Amino acid sequence: MAEGIIKCPQCNAPLSPSRFAHQVVCSFCGATVQIDPSLVTAAKFREALKLWNSPAHHGYSSWCSIGDSHWALGRLIAHGEISDVYMADRARWPSERVLFKVLRGEEDAPLFEQEWRVLSSLQQSSAKGAATFTTLVPQPVQHGEILSGKHAGARALVLRWAPGFIHTFEAVRRAYPEGIEPRASIWVWRRILEVLSFLHRSGIVHGAVLPQHLLIQEHEHGIRLVGYSCADSIGKRLQAVNTRLEAFYPAAVLKSQRLSPAMDVRMSARSAAFVLGADPLAEKMPSGVPGPLAALVQSVAADDAGEGSVDDAWALRERLGELAQVLFGAPSFIPLQMPR
């Protein structure tokens, strides 16, 4: 690196300040020259950093710590299969809104670690569309043991907050027990398939595309797929069989079955059937669902469908779009309105 010459701004004489000096006196004109007003001593910097990172300094009365990061927990917003999910904020200024997942039982720690590994790997994906889709899957922020606070000793996983995603498909079904409008189900299913296509291009199978893992975005056409503790590379075996998954999708969770894109796509059809008001296996579709759409949902959801027929999520997305054009005409904006 080339050396620069520091000159006196008054007489232009060269200056020779000592290392780390804040100021120097010009030997020619006697002017006192400040080297860099932004420079601070290492000790002062460390003191300021400690104060800035102190939750108490910013008015937080309680918080959880993971390493050098501190998080102020808000309300409990979900009770997952292996963890409790809280809304939380980084306990400093400027703050940051996050989802804070606390593992309930140490026996499920491997699944918790698996979720972190999969989500981290997806953020490094080089698959087509990664720049867009890495923002549409949960983004990991931090994980580790909680060192202090209410949940000290438990493991936590911190995810970036995605505004607007509040209601699961289970909540949608409760709000619409007879099923959502068939036309709305088109964008719902297509959004799921788009995310699955990215996962599969990245070499990952989600393994648990269930109603409780699918969130709708309020007032928008957005779907978010969460719950990646069962996810793994294509061809791997499921690490665990979730009891809720086993009850809802008995054919998809056999311990001998390897993770495949077809498994995810089949589950997506069953979730679409669920919000349309059908039984999870789509064996009997509501009469209000147009015949061609009902037939497509049923064929993809069927256990006996050939693996090759449902393993391309993007191709199915395109096929669904073509069907919607025939059944409903030009696309239109149909958000799902949830009751308050």
# chains A, B, ... in the order shown; residues from 1 in each chain; ligands from 1

$ residues_around --residues "Glu181 of chain A" --least-positions-apart "6" --cutoff "12 Å" --atoms "only C-alpha atoms" --output "JSON, numbers by chain"
{"A": [172, 173, 187, 188, 272, 273, 275, 276, 277, 286, 287, 288, 289, 290, 328, 334, 335, 336, 337]}

$ residues_around --residues "Pro339 of chain A" --least-positions-apart "6" --cutoff "12 Å" --atoms "only C-alpha atoms" --output "list in words"
His167, Ala171, Val172, Arg173, Arg174, Ala175, Tyr176 and Glu218 of chain A

$ write_last_selection --atoms "N, CA and C atoms" --output "PDB file, in the first residue's frame"
ATOM      1  N   HIS A 167     -51.434 -15.654   9.982  1.00  0.00           N
ATOM      2  CA  HIS A 167     -52.402 -16.744  10.074  1.00  0.00           C
ATOM      3  C   HIS A 167     -51.922 -17.999   9.345  1.00  0.00           C
ATOM      4  N   ALA A 171     -55.698 -21.753  10.760  1.00  0.00           N
ATOM      5  CA  ALA A 171     -56.555 -20.623  11.109  1.00  0.00           C
ATOM      6  C   ALA A 171     -57.477 -20.261   9.950  1.00  0.00           C
ATOM      7  N   VAL A 172     -56.966 -20.364   8.728  1.00  0.00           N
ATOM      8  CA  VAL A 172     -57.794 -20.083   7.555  1.00  0.00           C
ATOM      9  C   VAL A 172     -58.963 -21.063   7.485  1.00  0.00           C
ATOM     10  N   ARG A 173     -58.698 -22.331   7.742  1.00  0.00           N
ATOM     11  CA  ARG A 173     -59.773 -23.343   7.694  1.00  0.00           C
ATOM     12  C   ARG A 173     -60.807 -23.080   8.788  1.00  0.00           C
ATOM     13  N   ARG A 174     -60.357 -22.635   9.964  1.00  0.00           N
ATOM     14  CA  ARG A 174     -61.318 -22.306  11.026  1.00  0.00           C
ATOM     15  C   ARG A 174     -62.189 -21.121  10.624  1.00  0.00           C
ATOM     16  N   ALA A 175     -61.575 -20.151   9.919  1.00  0.00           N
ATOM     17  CA  ALA A 175     -62.326 -18.974   9.485  1.00  0.00           C
ATOM     18  C   ALA A 175     -63.247 -19.296   8.309  1.00  0.00           C
ATOM     19  N   TYR A 176     -62.822 -20.268   7.481  1.00  0.00           N
ATOM     20  CA  TYR A 176     -63.607 -20.671   6.312  1.00  0.00           C
ATOM     21  C   TYR A 176     -63.839 -22.184   6.379  1.00  0.00           C
ATOM     22  N   GLU A 218     -51.305 -11.124   5.117  1.00  0.00           N
ATOM     23  CA  GLU A 218     -52.512 -10.293   5.168  1.00  0.00           C
ATOM     24  C   GLU A 218     -52.521  -9.267   4.039  1.00  0.00           C
TER      25      GLU A 218
END

$ atom_distance --atom1 "atom CA of Val98 of chain A" --atom2 "atom CA of Leu76 of chain A"
12.4 Å

$ closest_residue --among "A:His143, A:Arg270, A:Arg201, A:Arg183" --to "Asp68 of chain A" --atoms "only C-alpha atoms"
A:His143

$ residues_around --residues "Gln298 of chain A" --least-positions-apart "2" --cutoff "8 Å" --atoms "only C-alpha atoms" --output "list in words"
Ala269, Leu281, Ala282, Glu283, Ala294, Ala295, Leu296, Val300, Ala301 and Ala302 of chain A

$ closest_residue --among "A:Leu157, A:Leu119, A:Ala21, A:Val195" --to "Asp264 of chain A" --atoms "only C-alpha atoms"
A:Val195

$ select_by_dssp --residues "segment 161-256 of chain A" --states "helix (DSSP H, G or I)" --output "JSON, numbers by chain"
{"A": [169, 170, 171, 172, 173, 174, 175, 182, 183, 184, 185, 186, 187, 188, 189, 190, 191, 192, 193, 194, 195, 196, 197, 198, 199, 200, 201, 211, 212, 213, 243, 244, 245, 246, 247, 248, 250, 251, 252]}

$ atom_distance --atom1 "atom CA of Gly144 of chain A" --atom2 "atom CA of Ala91 of chain A"
16.9 Å

$ closest_residue --among "A:Leu225, A:Ile146, A:Ile166, A:Ala208" --to "Phe133 of chain A" --atoms "only C-alpha atoms"
A:Leu225

$ select_by_dssp --residues "segment 91-310 of chain A" --states "strand (DSSP E or B)" --output "ChimeraX atom specification"
/A:97-103,140-145,148,155-160,165-168,204-205,214-217,223-225,232-233,237,258

$ write_last_selection --atoms "C-alpha atoms" --output "compact mmCIF listing (two decimals), in the first residue's frame"
# COMPACT_ATOMS: atom_id res chain seq x y z
CA ARG A 97 -37.72 -7.28 15.14
CA VAL A 98 -37.26 -11.07 15.09
CA LEU A 99 -38.95 -14.40 15.75
CA PHE A 100 -37.41 -16.09 18.77
CA LYS A 101 -37.86 -19.88 18.92
CA VAL A 102 -37.16 -21.57 22.26
CA LEU A 103 -36.64 -25.35 22.24
CA PRO A 140 -31.60 -17.18 10.17
CA VAL A 141 -30.05 -14.55 12.44
CA GLN A 142 -28.55 -16.45 15.39
CA HIS A 143 -28.81 -19.67 17.33
CA GLY A 144 -27.29 -21.12 20.48
CA GLU A 145 -27.80 -21.55 24.21
CA SER A 148 -29.36 -15.47 30.85
CA ARG A 155 -31.59 -23.53 23.06
CA ALA A 156 -32.91 -20.73 20.87
CA LEU A 157 -33.13 -20.03 17.17
CA VAL A 158 -33.57 -16.43 16.01
CA LEU A 159 -35.17 -15.68 12.62
CA ARG A 160 -35.66 -12.38 10.84
CA PHE A 165 -47.52 -13.38 7.93
CA ILE A 166 -49.80 -14.09 10.88
CA HIS A 167 -52.40 -16.74 10.07
CA THR A 168 -51.67 -20.41 9.39
CA ILE A 204 -33.55 -29.50 -0.30
CA VAL A 205 -36.85 -31.22 0.50
CA LEU A 214 -48.03 -22.46 5.87
CA LEU A 215 -48.77 -18.79 6.61
CA ILE A 216 -50.78 -16.38 4.49
CA GLN A 217 -49.80 -12.73 4.16
CA ILE A 223 -47.42 -17.48 1.38
CA ARG A 224 -44.58 -18.33 3.75
CA LEU A 225 -43.44 -21.89 4.39
CA ASP A 232 -32.89 -32.26 4.47
CA SER A 233 -31.10 -33.04 1.23
CA ARG A 237 -34.41 -40.22 5.23
CA ARG A 258 -36.63 -41.05 1.43
